[in-house]
Each structure stands twice: as C-alpha cells, then as structure tokens.
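> Contents of query-v9.cif (mmCIF, C-alpha atoms):
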data_structure
loop_
_atom_site.label_atom_id
_atom_site.label_comp_id
_atom_site.auth_asym_id
_atom_site.auth_seq_id
_atom_site.Cartn_x
_atom_site.Cartn_y
_atom_site.Cartn_z
CA MET A 30 164.94 163.55 111.23
CA SER A 31 167.66 163.24 108.58
CA PRO A 32 167.54 165.96 105.87
CA LEU A 33 167.36 163.10 103.35
CA PHE A 34 163.75 162.61 104.47
CA THR A 35 160.85 165.01 104.25
CA ASP A 36 157.54 165.11 106.10
CA ALA A 37 154.64 165.31 103.68
CA HIS A 38 152.61 167.09 106.36
CA ALA A 39 155.25 169.68 107.28
CA THR A 40 153.48 172.62 105.73
CA THR A 41 151.74 175.55 107.32
CA ALA A 42 149.11 174.34 109.80
CA PRO A 43 145.76 176.03 110.27
CA ALA A 44 145.71 178.65 112.99
CA PRO A 45 145.16 176.89 116.32
CA ARG A 46 142.00 177.58 118.27
CA ALA A 47 141.23 177.34 121.94
CA PRO A 48 140.38 173.78 123.02
CA GLY A 49 136.64 173.22 123.06
CA SER A 50 134.45 171.10 125.31
CA GLY A 51 131.33 170.84 123.17
CA ARG A 52 132.27 168.31 120.49
CA THR A 53 130.62 165.25 122.06
CA PRO A 54 128.85 164.36 125.30
CA LEU A 55 132.08 162.64 126.40
CA ASP A 56 134.02 165.86 125.84
CA ARG A 57 131.44 167.80 127.81
CA ALA A 58 131.41 165.24 130.62
CA THR A 59 135.19 165.32 130.96
CA ALA A 60 135.79 169.00 130.15
CA SER A 61 137.35 169.61 133.57
CA LEU A 62 139.53 166.47 133.44
CA ASP A 63 142.90 166.17 131.79
CA ALA A 64 143.66 163.28 129.46
CA PRO A 65 144.90 160.59 129.35
CA LEU A 66 141.82 159.14 130.99
CA ALA A 67 139.37 156.27 130.61
CA VAL A 68 135.59 156.27 130.86
CA VAL A 69 132.72 153.82 130.97
CA ASP A 70 129.39 154.94 129.55
CA LEU A 71 126.93 153.50 132.07
CA ALA A 72 123.95 153.57 129.70
CA ALA A 73 125.89 151.50 127.19
CA PHE A 74 127.26 149.20 129.90
CA ASP A 75 123.78 148.51 131.26
CA ALA A 76 122.30 148.03 127.78
CA ASN A 77 125.03 145.52 126.96
CA ALA A 78 124.36 143.67 130.23
CA ALA A 79 120.65 143.48 129.37
CA ASP A 80 121.46 142.10 125.93
CA LEU A 81 123.66 139.37 127.43
CA VAL A 82 120.81 138.35 129.73
CA ARG A 83 118.40 138.31 126.79
CA ARG A 84 120.69 136.04 124.81
CA SER A 85 121.38 133.70 127.76
CA LYS A 86 117.71 132.59 127.74
CA GLY A 87 117.32 132.34 131.49
CA LYS A 88 120.66 130.73 132.31
CA PRO A 89 122.80 132.73 134.74
CA ILE A 90 125.84 134.58 133.42
CA ARG A 91 129.14 134.24 135.27
CA VAL A 92 131.11 137.46 134.72
CA ALA A 93 134.65 137.08 133.35
CA SER A 94 136.61 139.46 135.56
CA LYS A 95 139.58 139.71 133.19
CA SER A 96 137.27 141.61 130.84
CA VAL A 97 136.17 144.09 133.53
CA ARG A 98 139.02 144.52 136.08
CA CYS A 99 137.09 146.95 138.23
CA ARG A 100 135.41 145.89 141.47
CA ALA A 101 132.77 148.63 141.34
CA LEU A 102 131.60 147.51 137.90
CA LEU A 103 131.69 143.83 138.90
CA GLU A 104 129.40 144.75 141.80
CA ARG A 105 127.15 146.76 139.48
CA VAL A 106 126.60 143.96 136.99
CA LEU A 107 126.26 141.24 139.63
CA ALA A 108 123.48 143.26 141.25
CA ARG A 109 121.40 142.74 138.09
CA ASP A 110 119.04 139.81 137.61
CA GLY A 111 120.57 137.22 135.31
CA PHE A 112 124.18 137.46 136.59
CA ALA A 113 125.71 135.19 139.23
CA GLY A 114 129.34 134.57 140.12
CA ILE A 115 132.74 135.60 138.80
CA MET A 116 135.16 133.83 136.51
CA SER A 117 138.63 135.01 137.58
CA PHE A 118 142.02 134.71 135.93
CA THR A 119 144.60 134.23 138.72
CA LEU A 120 144.56 132.63 142.13
CA ALA A 121 145.74 135.84 143.81
CA GLU A 122 142.83 137.70 142.22
CA SER A 123 140.42 134.97 143.29
CA LEU A 124 141.53 135.19 146.91
CA TRP A 125 141.32 138.99 146.87
CA LEU A 126 137.81 138.91 145.43
CA ALA A 127 136.71 136.31 147.98
CA ARG A 128 138.08 138.41 150.84
CA SER A 129 136.28 141.42 149.30
CA GLY A 130 132.95 139.68 149.75
CA PHE A 131 132.33 137.99 146.39
CA PRO A 132 130.94 134.59 147.39
CA ASP A 133 131.37 132.60 144.17
CA VAL A 134 134.65 132.84 142.24
CA LEU A 135 135.65 130.31 139.58
CA LEU A 136 139.36 130.42 138.71
CA ALA A 137 139.34 129.80 134.95
CA TYR A 138 143.01 128.84 134.60
CA PRO A 139 145.24 126.36 136.45
CA SER A 140 147.68 127.97 138.87
CA ALA A 141 151.19 127.27 140.14
CA ASP A 142 150.93 129.84 142.95
CA ARG A 143 152.13 127.80 145.94
CA ALA A 144 151.82 130.70 148.37
CA GLY A 145 148.29 131.29 147.12
CA PHE A 146 147.36 127.65 147.60
CA ALA A 147 148.77 127.70 151.13
CA GLU A 148 146.56 130.73 151.82
CA LEU A 149 143.55 129.00 150.25
CA VAL A 150 143.80 125.79 152.30
CA GLY A 151 144.48 127.82 155.44
CA ASP A 152 141.33 129.94 155.08
CA PRO A 153 138.06 127.97 155.11
CA ALA A 154 136.03 131.05 154.11
CA SER A 155 138.10 131.64 150.97
CA ALA A 156 138.15 127.93 150.17
CA ALA A 157 134.34 127.91 150.31
CA ALA A 158 134.13 130.83 147.86
CA VAL A 159 136.84 129.88 145.34
CA THR A 160 136.76 127.02 142.84
CA VAL A 161 140.09 126.01 141.29
CA MET A 162 140.57 124.77 137.72
CA ALA A 163 142.32 121.47 137.02
CA ASP A 164 143.04 119.32 134.00
CA ASP A 165 146.02 117.29 135.29
CA PRO A 166 146.68 115.30 138.51
CA ALA A 167 149.97 117.21 138.82
CA GLN A 168 147.95 120.31 139.65
CA LEU A 169 146.37 118.49 142.58
CA ASP A 170 149.84 117.42 143.72
CA LEU A 171 150.94 121.05 143.73
CA ILE A 172 147.99 122.01 145.94
CA ASP A 173 148.72 119.15 148.32
CA ALA A 174 152.37 120.19 148.50
CA ALA A 175 151.22 123.62 149.73
CA ARG A 176 149.22 122.18 152.62
CA PRO A 177 151.15 122.89 155.85
CA GLY A 178 149.91 119.67 157.44
CA GLY A 179 150.57 117.48 154.41
CA PRO A 180 148.26 116.06 151.70
CA GLY A 181 144.60 116.24 152.57
CA SER A 182 145.05 118.67 155.45
CA GLY A 183 143.50 122.10 155.74
CA ALA A 184 140.39 123.32 154.01
CA GLU A 185 138.70 121.29 151.30
CA VAL A 186 139.50 122.67 147.83
CA ARG A 187 136.71 122.97 145.29
CA ILE A 188 137.74 121.67 141.84
CA CYS A 189 136.41 122.33 138.34
CA LEU A 190 137.58 120.25 135.38
CA GLU A 191 138.14 121.79 131.95
CA LEU A 192 137.20 120.14 128.67
CA ASP A 193 139.18 120.96 125.53
CA THR A 194 136.79 122.51 123.02
CA SER A 195 138.99 122.82 119.95
CA TYR A 196 137.54 121.67 116.64
CA ARG A 197 139.73 119.10 114.90
CA LEU A 198 139.77 117.98 111.30
CA LEU A 199 141.68 115.45 109.22
CA GLY A 200 142.23 113.10 112.12
CA GLY A 201 143.47 115.87 114.38
CA ARG A 202 146.04 117.23 111.95
CA VAL A 203 144.10 120.50 111.75
CA ARG A 204 143.04 122.22 114.98
CA VAL A 205 140.79 125.28 115.32
CA GLY A 206 140.72 126.80 118.79
CA ALA A 207 142.98 127.59 121.71
CA ARG A 208 145.44 125.12 123.20
CA ARG A 209 143.95 124.75 126.66
CA SER A 210 143.03 121.54 128.46
CA PRO A 211 144.55 118.17 127.47
CA LEU A 212 141.22 116.56 128.41
CA ARG A 213 139.27 116.05 125.22
CA ASP A 214 137.30 112.83 125.49
CA PRO A 215 134.56 112.06 128.03
CA GLU A 216 136.61 109.11 129.26
CA GLN A 217 139.55 111.39 130.06
CA LEU A 218 137.29 113.73 132.04
CA ALA A 219 135.79 110.82 133.94
CA ALA A 220 139.23 109.43 134.78
CA LEU A 221 140.39 112.70 136.30
CA ALA A 222 137.03 113.06 138.04
CA ARG A 223 137.64 109.70 139.76
CA THR A 224 141.08 110.89 140.83
CA VAL A 225 139.62 114.04 142.38
CA VAL A 226 136.82 112.35 144.31
CA ARG A 227 139.18 109.71 145.71
CA ARG A 228 141.72 112.22 147.06
CA PRO A 229 141.16 113.64 150.55
CA GLY A 230 140.89 117.42 150.69
CA PHE A 231 139.27 117.92 147.28
CA ARG A 232 135.68 118.18 146.07
CA LEU A 233 134.65 118.06 142.42
CA VAL A 234 131.97 120.71 141.84
CA GLY A 235 132.09 121.83 138.21
CA LEU A 236 132.98 121.37 134.58
CA MET A 237 134.02 124.14 132.18
CA ALA A 238 134.39 124.26 128.41
CA TYR A 239 135.25 127.59 126.77
CA GLU A 240 134.73 127.65 123.00
CA GLY A 241 136.93 130.64 122.19
CA HIS A 242 136.98 129.88 118.45
CA VAL A 243 133.22 130.59 118.45
CA ALA A 244 132.81 133.04 121.33
CA GLY A 245 135.75 135.27 120.45
CA VAL A 246 135.97 135.15 116.65
CA GLY A 247 133.67 137.47 114.72
CA ASP A 248 131.73 135.96 111.83
CA GLU A 249 130.97 139.19 109.92
CA VAL A 250 134.34 140.77 109.17
CA ALA A 251 133.94 144.08 107.34
CA GLY A 252 135.19 143.89 103.77
CA ARG A 253 135.96 140.16 104.03
CA PRO A 254 132.86 138.33 102.76
CA VAL A 255 134.64 135.08 101.82
CA ARG A 256 136.47 134.92 105.13
CA SER A 257 133.23 135.67 106.98
CA ARG A 258 131.37 132.85 105.22
CA THR A 259 134.23 130.46 105.96
CA ILE A 260 134.17 131.39 109.64
CA ARG A 261 130.41 130.85 109.81
CA VAL A 262 130.65 127.40 108.24
CA MET A 263 133.49 126.44 110.59
CA GLN A 264 131.69 127.74 113.67
CA ALA A 265 128.44 125.98 112.83
CA ALA A 266 130.27 122.66 112.47
CA ALA A 267 132.31 123.31 115.62
CA ARG A 268 129.18 124.06 117.64
CA ARG A 269 127.51 120.84 116.54
CA GLU A 270 130.57 118.73 117.36
CA LEU A 271 131.13 120.38 120.73
CA ALA A 272 127.49 120.16 121.81
CA GLN A 273 127.57 116.39 121.34
CA ARG A 274 130.95 115.96 123.03
CA ARG A 275 130.09 118.30 125.90
CA TRP A 276 126.84 116.43 126.58
CA ALA A 277 128.74 113.13 126.66
CA ALA A 278 131.45 114.59 128.91
CA VAL A 279 128.91 115.95 131.39
CA ARG A 280 127.13 112.62 131.51
CA ALA A 281 130.42 110.79 132.11
CA VAL A 282 131.50 113.15 134.91
CA ARG A 283 128.08 113.08 136.58
CA GLN A 284 128.36 109.31 136.82
CA VAL A 285 131.40 109.91 139.02
CA ALA A 286 130.16 113.07 140.77
CA PRO A 287 126.35 113.12 140.70
CA ARG A 288 126.19 116.36 142.70
CA LEU A 289 128.09 118.42 140.18
CA GLU A 290 127.06 122.02 140.88
CA PHE A 291 127.59 123.67 137.50
CA VAL A 292 128.59 123.21 133.87
CA ASN A 293 130.04 126.42 132.46
CA GLY A 294 130.37 127.28 128.80
CA GLY A 295 130.15 130.05 126.29
CA GLY A 296 131.60 133.52 125.95
CA THR A 297 130.27 136.83 124.67
CA GLY A 298 130.07 135.79 121.03
CA SER A 299 128.37 132.45 121.64
CA VAL A 300 126.01 133.17 124.53
CA GLN A 301 122.79 132.30 122.72
CA HIS A 302 124.22 129.15 121.11
CA THR A 303 125.72 127.74 124.31
CA ALA A 304 122.62 128.61 126.33
CA ALA A 305 120.60 126.35 124.02
CA GLU A 306 122.57 123.28 125.16
CA ALA A 307 120.73 121.35 127.85
CA ALA A 308 124.01 120.17 129.40
CA VAL A 309 125.16 123.72 130.18
CA THR A 310 123.89 125.32 133.40
CA GLU A 311 125.63 128.72 133.23
CA ILE A 312 127.25 131.01 130.65
CA ALA A 313 130.53 132.92 130.93
CA ALA A 314 130.76 136.42 129.47
CA GLY A 315 132.58 139.66 130.16
CA SER A 316 133.79 141.41 127.02
CA GLY A 317 130.20 142.01 125.99
CA LEU A 318 129.85 144.54 128.82
CA TYR A 319 132.50 146.91 127.43
CA VAL A 320 132.22 145.83 123.75
CA PRO A 321 135.77 146.52 122.53
CA ARG A 322 136.43 146.75 118.81
CA LEU A 323 137.05 143.02 118.28
CA PHE A 324 133.37 142.45 119.03
CA ASP A 325 132.14 144.60 116.15
CA ASN A 326 132.31 141.61 113.80
CA PHE A 327 129.41 139.45 114.98
CA ARG A 328 126.15 138.96 113.08
CA SER A 329 124.23 137.65 116.07
CA PHE A 330 124.37 140.77 118.22
CA THR A 331 125.29 144.44 118.14
CA GLY A 332 126.72 145.92 121.31
CA ARG A 333 127.31 149.52 122.31
CA PRO A 334 130.89 150.67 122.90
CA ALA A 335 130.97 151.36 126.64
CA ALA A 336 134.65 151.64 127.58
CA LEU A 337 136.81 154.24 125.89
CA PHE A 338 140.01 156.12 126.61
CA ALA A 339 141.11 159.60 125.62
CA GLN A 340 144.55 160.94 124.74
CA PRO A 341 145.30 164.68 124.58
CA VAL A 342 146.33 166.51 121.44
CA VAL A 343 149.81 167.88 122.16
CA ARG A 344 151.04 168.81 118.66
CA ARG A 345 149.70 170.02 115.31
CA PRO A 346 152.51 169.21 112.86
CA GLY A 347 150.59 170.40 109.79
CA PRO A 348 147.30 170.31 107.87
CA GLY A 349 145.37 167.10 108.38
CA VAL A 350 147.53 165.81 111.22
CA VAL A 351 147.61 166.04 115.01
CA THR A 352 149.76 164.22 117.52
CA VAL A 353 148.38 162.84 120.77
CA LEU A 354 150.34 161.81 123.82
CA GLY A 355 150.94 158.05 124.09
CA GLY A 356 148.24 155.66 122.98
CA GLY A 357 150.32 152.63 122.00
CA TYR A 358 148.22 150.09 123.87
CA PRO A 359 148.19 146.90 121.76
CA ALA A 360 146.03 143.99 122.88
CA SER A 361 147.19 140.43 123.47
CA GLY A 362 146.95 137.74 120.81
CA VAL A 363 148.53 137.31 117.39
CA ALA A 364 150.09 140.64 116.46
CA GLY A 365 148.18 142.52 113.77
CA ALA A 366 146.26 145.67 112.99
CA ASP A 367 143.15 144.27 114.67
CA ARG A 368 145.02 144.32 118.01
CA LEU A 369 145.52 148.08 117.93
CA PRO A 370 143.22 150.63 119.56
CA GLU A 371 140.83 152.31 117.15
CA PRO A 372 140.70 156.12 116.85
CA TYR A 373 136.98 156.60 117.47
CA LEU A 374 136.03 160.23 118.07
CA PRO A 375 136.12 162.54 116.28
CA ALA A 376 135.35 160.21 113.38
CA GLY A 377 137.65 160.05 110.41
CA LEU A 378 141.07 159.88 112.09
CA ARG A 379 143.57 157.18 111.20
CA TYR A 380 147.10 156.18 112.11
CA ASP A 381 150.13 157.30 110.16
CA PRO A 382 151.24 154.01 108.53
CA GLN A 383 154.87 154.91 109.09
CA GLU A 384 154.42 155.24 112.86
CA GLY A 385 151.20 153.68 114.12
CA PRO A 386 150.26 154.09 117.79
CA GLY A 387 153.34 154.88 119.83
CA GLU A 388 154.53 154.49 123.38
CA VAL A 389 154.94 158.24 123.91
CA GLN A 390 153.24 159.84 120.91
CA THR A 391 150.77 158.91 118.18
CA PRO A 392 150.29 160.98 115.00
CA LEU A 393 146.75 160.85 113.60
CA LEU A 394 145.80 161.77 110.05
CA GLY A 395 142.54 162.90 108.50
CA ALA A 396 140.44 165.96 107.81
CA ALA A 397 139.02 165.79 111.35
CA ALA A 398 142.47 166.70 112.64
CA ASP A 399 142.01 170.27 111.43
CA GLY A 400 139.13 170.72 113.86
CA LEU A 401 141.26 169.79 116.86
CA ALA A 402 143.27 172.15 119.05
CA VAL A 403 146.11 171.46 121.41
CA GLY A 404 144.48 170.21 124.62
CA ASP A 405 141.49 168.57 122.91
CA LYS A 406 140.79 164.90 123.50
CA VAL A 407 140.82 162.12 120.92
CA TRP A 408 138.78 159.10 121.98
CA PHE A 409 139.87 155.52 121.31
CA ARG A 410 138.40 152.04 121.66
CA HIS A 411 140.70 149.30 122.86
CA ALA A 412 140.83 146.08 120.84
CA LYS A 413 140.08 143.88 123.86
CA ALA A 414 138.10 144.51 127.02
CA GLY A 415 139.76 144.46 130.43
CA GLU A 416 143.32 145.00 129.22
CA LEU A 417 142.50 148.70 128.97
CA CYS A 418 142.32 148.83 132.77
CA GLU A 419 145.97 147.83 133.05
CA ARG A 420 146.77 151.28 131.61
CA PHE A 421 144.54 153.38 133.86
CA ALA A 422 144.14 153.65 137.62
CA GLN A 423 140.61 155.05 137.40
CA LEU A 424 137.47 154.78 135.35
CA HIS A 425 135.23 157.82 135.12
CA LEU A 426 131.62 156.63 134.98
CA VAL A 427 129.57 158.76 132.60
CA GLU A 428 125.83 159.27 132.29
CA GLY A 429 124.94 161.49 129.34
CA ASP A 430 127.27 164.46 129.55
CA ARG A 431 128.14 164.08 133.25
CA VAL A 432 130.72 162.12 135.19
CA VAL A 433 128.67 160.62 138.03
CA ALA A 434 131.44 158.68 139.78
CA THR A 435 135.12 157.85 139.55
CA VAL A 436 136.14 154.33 140.59
CA PRO A 437 139.48 152.52 140.78
CA THR A 438 140.48 149.77 138.41
CA TYR A 439 142.43 146.79 139.73
CA ARG A 440 145.57 148.79 138.96
CA GLY A 441 144.18 151.75 140.91
CA GLU A 442 143.79 149.49 143.93
CA GLY A 443 147.40 148.41 143.59
CA ARG A 444 146.47 145.02 142.12
CA THR A 445 148.30 143.89 138.99
CA PHE A 446 147.66 140.18 138.96
CA LEU A 447 149.10 139.20 135.61
#
Go ahead and render the structure in this file as structure tokens.

Amino acid sequence: MSPLFTDAHATTAPAPRAPGSGRTPLDRATASLDAPLAVVDLAAFDANAADLVRRSKGKPIRVASKSVRCRALLERVLARDGFAGIMSFTLAESLWLARSGFPDVLLAYPSADRAGFAELVGDPASAAAVTVMADDPAQLDLIDAARPGGPGSGAEVRICLELDTSYRLLGGRVRVGARRSPLRDPEQLAALARTVVRRPGFRLVGLMAYEGHVAGVGDEVAGRPVRSRTIRVMQAAARRELAQRRWAAVRAVRQVAPRLEFVNGGGTGSVQHTAAEAAVTEIAAGSGLYVPRLFDNFRSFTGRPAALFAQPVVRRPGPGVVTVLGGGYPASGVAGADRLPEPYLPAGLRYDPQEGPGEVQTPLLGAAADGLAVGDKVWFRHAKAGELCERFAQLHLVEGDRVVATVPTYRGEGRTFL
C-alpha cells in the first residue's frame, strides 16, 4: 500500500489464541476438516422440504435442480412424499439425470444443443424421461435438424410450452417480471400447440408458467417498509391477472391436446398461492430447500438456512478485523449488495466497505473478529441456492454436531453444465 494511505485497523492486534472447535455445532462437526468447505444441515433441509409440502396443499412439487446441484440431495428429497420429478436447466444435465435413473425430467429452458438433441432422439429411454421446453417453432426445427434420419425420425420428443407470466401495465409499456417466453396470450399458446401436435416426432405433454416476480422477490424487505408494501400490492395484482390468464391458456391448449399431462407453476416464494389455482397440477420449487439469504424477505414463510460455506481465517490485521481466504462468490442477477454472500457465524461480522468479498481474500470487521484465531472458520450464506455448488466439489452433510456423509456436487462429479 502507498505510504500516502493508512490502515485504520493497523494497530496492535490481540494476542492470537489456538483455533477452537467449540464455537458452534458446525465448528464441532467440521473440526477435523479444513476450510474452505460447504455443508448442508440435514435437519434444516428436511424441515424446509416439509414446509414446501405443507404449502403445496397436496399438489406434487417438482424439484428445481439448479437450486440443488447435488444428485444425493435430489434423491433424498424425491424420496419424500409430496415431491415428484425434476426441473432441470440444460439439456446435457437432463440427459445425464435420465441416464442416472431419474424418470421424469422437465427441461425448463429452451436449448440449442444439437449434439444433445441427436443423443435424445437416438435414445428412446432418455426421450421417454426428458421433456423439452419450447416457445417457438424454430426450436422444433432445431430438434428436427439433429435427427440423423431427417425430420420426424428417431424417438418421439416430449414438448412443454411456456407461458409468459410477466405483469404488464400502461398498455405494456411497463413490465414486471423476467423476459422469458414470447407466448403471452392463450391464442398464441394454442397456435404453437397445434404446430406441435401436427409435426411427426413430437408429443405435447405439458405447460409451464414461472412467476419469478412473485416466487423470487421477497415482500418483507428489512428496513424498507414502503418498498415492501409496494411489492405486496404489485404481487397481489400480478397473481390475480396471471391466475385468470393461466386458466384461459390451459383451457385453450387442452382443446388442442386433451391429454396434457401437467401444468407447472410456482416457485419457492409463491408455492401456496400457485397451488390454490385449479389449473395448476404441480408446483416447481428448489431454493426453499437450502434457503439462501434472498429468501429471508418473505412474509408467507420462514425457512431454515440449510446450506452454508466456511472460509478459514488466515490473517489478523488488527483489533476488530480478520481476513479469510477467498469468499468472493457473488450470485447471478442485477449486481448489488444483495447478491453477495452474508457473513453468518459468528454473528456480528461485516465486510470492509473498501474491499468487500474478494477473489483471494476477504477482510471482515466487527467485535466478533477478536474472538477468532488463525485457522478458525467463518460461516457464510450464499445469496442464491445452487450456485454455491459451482464453487465446491463436495457437500458435507451434517446432523447436529456430526458430519454423517460427504457427497459430490455436480462439480465434484465433473459436471459443469452452465
């Protein structure tokens, strides 16, 4: 550092102590393990799963794999009553899961993976397990182009159509919600449905509508009462509008495809609202199993943080400050403080505003720093759910103050799909 600058914390630090293992059950459980590491608290995970089932009111929950990214935990939750099927995020992942024995995989996003489509149409078992998303005839053309024997050849491809759920005001000049499907009106869904059922080699089996502006946006933001009220008013209006439009879209598509197998909707933050719609047959959810920090801001439910990661203290620059190794794991979405991991345990630590969480080191400030020794662990919560698993090859599964199993993440199995 230039001598023109001074470090306000560069004074005499308290005498270091030997690293301890008795601060929290997580510290005791992982006392023999070196950080960085990631854990899943199984009691919290199972409690969160039970709460999702309670809120789904008897409708099955399809697990969003992007929020879990660990086959062992997908198997664990799917073994519970109330869960059925996976919602995947890439075609390569879908094929891998199908070959791994998962019998019902809904690909939630359109794909341009020509090699993957060639594999799909060439493998009747995978084609029977995987359902592909579509919202444009061009996507069907791409699948047909991948068929070795030409359009219509090979295995029949299961198709799900996606309805745009965004809430629009002022004649469409204001949009609330993600830019996803171009199919907004029931007539548009029905038109594409007719295209699918008329084309050889395709079968229309489902309809999906993901209301991310309700399911993924907290309505009780700490310290922001006006913003919270505004969000609640918006979401209530958006739910009413979407329920009517979704019902009409399902009716229009069923007139074309009477044997539609499922209508998927929802997300962790809107499970109970979407489950109340008669048109919806299943609910999608995944983040509610881990409960990352972005899901602390909902009035309708309170989850238990289940997935955490630990970074080791490697420096003690002065009183009230420690430095941990790495930790700069921002989440996707619009950049902001809410996308950063949260220093969680010991309580009372915060980022240095001049540095924030870094790629190779992260200074943390607060009185709790003086109780930490070099080698101790600082526990963090990621802002979003499954993205944490892109940083770690393993998850240590904890019960109380014991690690009862260690399982690979997708990354640990050599699978980085996106």
> Which residue gives the smallest distance to A:Leu171 among A:Ser140, A:Thr59, A:Gln284, A:Asn77, with only C-alpha atoms counted?
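Of A:Ser140, A:Thr59, A:Gln284, A:Asn77, the one nearest A:Leu171, counting only C-alpha atoms, is A:Ser140.
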> Could you state the separation of atom CA of A:Asp63 and atom CA of A:Asp325 in Å, given to one decimal place?
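Between these atoms lies a distance of 28.7 Å.
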> Identify all residues satisfying the PyMOL selection byres ((chain A and resi 153-167) around 6) in the given file; provide them as a VMD selection string.
chain A and resid 127 132 to 139 149 152 168 to 170 184 186 to 191 210
> Expand the PyMOL selection byres ((chain A and resi 104-113) around 9) into the individual residues it matches in the shown file, reporting them as a PDB file with C-alpha atoms, in the coordinates of the input.

ATOM      1  CA  PHE A  74     127.260 149.200 129.900  1.00  0.00           C
ATOM      2  CA  ASP A  75     123.780 148.510 131.260  1.00  0.00           C
ATOM      3  CA  ALA A  78     124.360 143.670 130.230  1.00  0.00           C
ATOM      4  CA  ALA A  79     120.650 143.480 129.370  1.00  0.00           C
ATOM      5  CA  LEU A  81     123.660 139.370 127.430  1.00  0.00           C
ATOM      6  CA  VAL A  82     120.810 138.350 129.730  1.00  0.00           C
ATOM      7  CA  ARG A  83     118.400 138.310 126.790  1.00  0.00           C
ATOM      8  CA  SER A  85     121.380 133.700 127.760  1.00  0.00           C
ATOM      9  CA  GLY A  87     117.320 132.340 131.490  1.00  0.00           C
ATOM     10  CA  LYS A  88     120.660 130.730 132.310  1.00  0.00           C
ATOM     11  CA  PRO A  89     122.800 132.730 134.740  1.00  0.00           C
ATOM     12  CA  ILE A  90     125.840 134.580 133.420  1.00  0.00           C
ATOM     13  CA  ARG A  91     129.140 134.240 135.270  1.00  0.00           C
ATOM     14  CA  VAL A  92     131.110 137.460 134.720  1.00  0.00           C
ATOM     15  CA  CYS A  99     137.090 146.950 138.230  1.00  0.00           C
ATOM     16  CA  ARG A 100     135.410 145.890 141.470  1.00  0.00           C
ATOM     17  CA  ALA A 101     132.770 148.630 141.340  1.00  0.00           C
ATOM     18  CA  LEU A 102     131.600 147.510 137.900  1.00  0.00           C
ATOM     19  CA  LEU A 103     131.690 143.830 138.900  1.00  0.00           C
ATOM     20  CA  GLY A 114     129.340 134.570 140.120  1.00  0.00           C
ATOM     21  CA  ILE A 115     132.740 135.600 138.800  1.00  0.00           C
ATOM     22  CA  PHE A 131     132.330 137.990 146.390  1.00  0.00           C
ATOM     23  CA  ASP A 133     131.370 132.600 144.170  1.00  0.00           C
ATOM     24  CA  GLU A 311     125.630 128.720 133.230  1.00  0.00           C
ATOM     25  CA  LEU A 318     129.850 144.540 128.820  1.00  0.00           C
TER      26      LEU A 318
END
> Restricting the calculation to all atoms listed in the file, which member of A:Leu393, A:Ala422, A:Leu120, A:Val309 is positioned closest to A:Gly443?
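Once distances to A:Gly443 are computed over all atoms listed in the file, the minimum belongs to A:Ala422.
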> Identify which of the residues A:Ala222, A:Leu271, A:Ala398, A:Ala207 lies closest to A:Ala308, counting only C-alpha atoms when measuring atom-to-atom distances.
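Of A:Ala222, A:Leu271, A:Ala398, A:Ala207, the one nearest A:Ala308, counting only C-alpha atoms, is A:Leu271.
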> Mind telling me what the PyMOL selection byres ((chain A and resi 69) around 6) catches here, as a list in words?
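Applied to this file, the PyMOL selection byres ((chain A and resi 69) around 6) selects Val68, Asp70, Leu71, Ala335, Ala336 and Leu426 of chain A.
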> Mind pulling up the distance from atom CA of A:Ala412 to atom CA of A:Val389?
18.9 Å
> Please, could N, CA, C and O atoms be added to stretch 381-393 of chain A and the result written as a PDB file, in the coordinates of the input?

ATOM      1  N   ASP A 381     149.093 157.135 111.179  1.00  0.00           N
ATOM      2  CA  ASP A 381     150.130 157.300 110.160  1.00  0.00           C
ATOM      3  C   ASP A 381     150.770 155.934 109.945  1.00  0.00           C
ATOM      4  O   ASP A 381     151.302 155.336 110.888  1.00  0.00           O
ATOM      5  N   PRO A 382     150.717 155.378 108.735  1.00  0.00           N
ATOM      6  CA  PRO A 382     151.240 154.010 108.530  1.00  0.00           C
ATOM      7  C   PRO A 382     152.721 153.883 108.796  1.00  0.00           C
ATOM      8  O   PRO A 382     153.221 152.767 108.988  1.00  0.00           O
ATOM      9  N   GLN A 383     153.444 154.992 108.803  1.00  0.00           N
ATOM     10  CA  GLN A 383     154.870 154.910 109.090  1.00  0.00           C
ATOM     11  C   GLN A 383     155.170 154.878 110.584  1.00  0.00           C
ATOM     12  O   GLN A 383     156.298 154.585 110.979  1.00  0.00           O
ATOM     13  N   GLU A 384     154.164 155.196 111.417  1.00  0.00           N
ATOM     14  CA  GLU A 384     154.420 155.240 112.860  1.00  0.00           C
ATOM     15  C   GLU A 384     153.462 154.377 113.664  1.00  0.00           C
ATOM     16  O   GLU A 384     153.869 153.711 114.613  1.00  0.00           O
ATOM     17  N   GLY A 385     152.170 154.407 113.326  1.00  0.00           N
ATOM     18  CA  GLY A 385     151.200 153.680 114.120  1.00  0.00           C
ATOM     19  C   GLY A 385     151.072 154.283 115.507  1.00  0.00           C
ATOM     20  O   GLY A 385     151.582 155.368 115.784  1.00  0.00           O
ATOM     21  N   PRO A 386     150.389 153.577 116.430  1.00  0.00           N
ATOM     22  CA  PRO A 386     150.260 154.090 117.790  1.00  0.00           C
ATOM     23  C   PRO A 386     151.563 153.892 118.561  1.00  0.00           C
ATOM     24  O   PRO A 386     152.120 152.792 118.578  1.00  0.00           O
ATOM     25  N   GLY A 387     152.031 154.937 119.201  1.00  0.00           N
ATOM     26  CA  GLY A 387     153.340 154.880 119.830  1.00  0.00           C
ATOM     27  C   GLY A 387     153.291 154.885 121.335  1.00  0.00           C
ATOM     28  O   GLY A 387     152.292 155.241 121.959  1.00  0.00           O
ATOM     29  N   GLU A 388     154.412 154.513 121.929  1.00  0.00           N
ATOM     30  CA  GLU A 388     154.530 154.490 123.380  1.00  0.00           C
ATOM     31  C   GLU A 388     154.366 155.887 123.981  1.00  0.00           C
ATOM     32  O   GLU A 388     153.697 156.056 125.006  1.00  0.00           O
ATOM     33  N   VAL A 389     154.979 156.884 123.343  1.00  0.00           N
ATOM     34  CA  VAL A 389     154.940 158.240 123.910  1.00  0.00           C
ATOM     35  C   VAL A 389     154.203 159.237 123.029  1.00  0.00           C
ATOM     36  O   VAL A 389     153.794 160.288 123.503  1.00  0.00           O
ATOM     37  N   GLN A 390     154.037 158.949 121.743  1.00  0.00           N
ATOM     38  CA  GLN A 390     153.240 159.840 120.910  1.00  0.00           C
ATOM     39  C   GLN A 390     152.640 159.069 119.751  1.00  0.00           C
ATOM     40  O   GLN A 390     153.188 158.056 119.309  1.00  0.00           O
ATOM     41  N   THR A 391     151.485 159.558 119.275  1.00  0.00           N
ATOM     42  CA  THR A 391     150.770 158.910 118.180  1.00  0.00           C
ATOM     43  C   THR A 391     150.262 159.972 117.215  1.00  0.00           C
ATOM     44  O   THR A 391     149.336 160.721 117.546  1.00  0.00           O
ATOM     45  N   PRO A 392     150.848 160.079 116.011  1.00  0.00           N
ATOM     46  CA  PRO A 392     150.290 160.980 115.000  1.00  0.00           C
ATOM     47  C   PRO A 392     149.000 160.402 114.424  1.00  0.00           C
ATOM     48  O   PRO A 392     148.887 159.190 114.214  1.00  0.00           O
ATOM     49  N   LEU A 393     148.028 161.258 114.182  1.00  0.00           N
ATOM     50  CA  LEU A 393     146.750 160.850 113.600  1.00  0.00           C
ATOM     51  C   LEU A 393     146.468 161.727 112.393  1.00  0.00           C
ATOM     52  O   LEU A 393     146.618 162.950 112.448  1.00  0.00           O
TER      53      LEU A 393
END
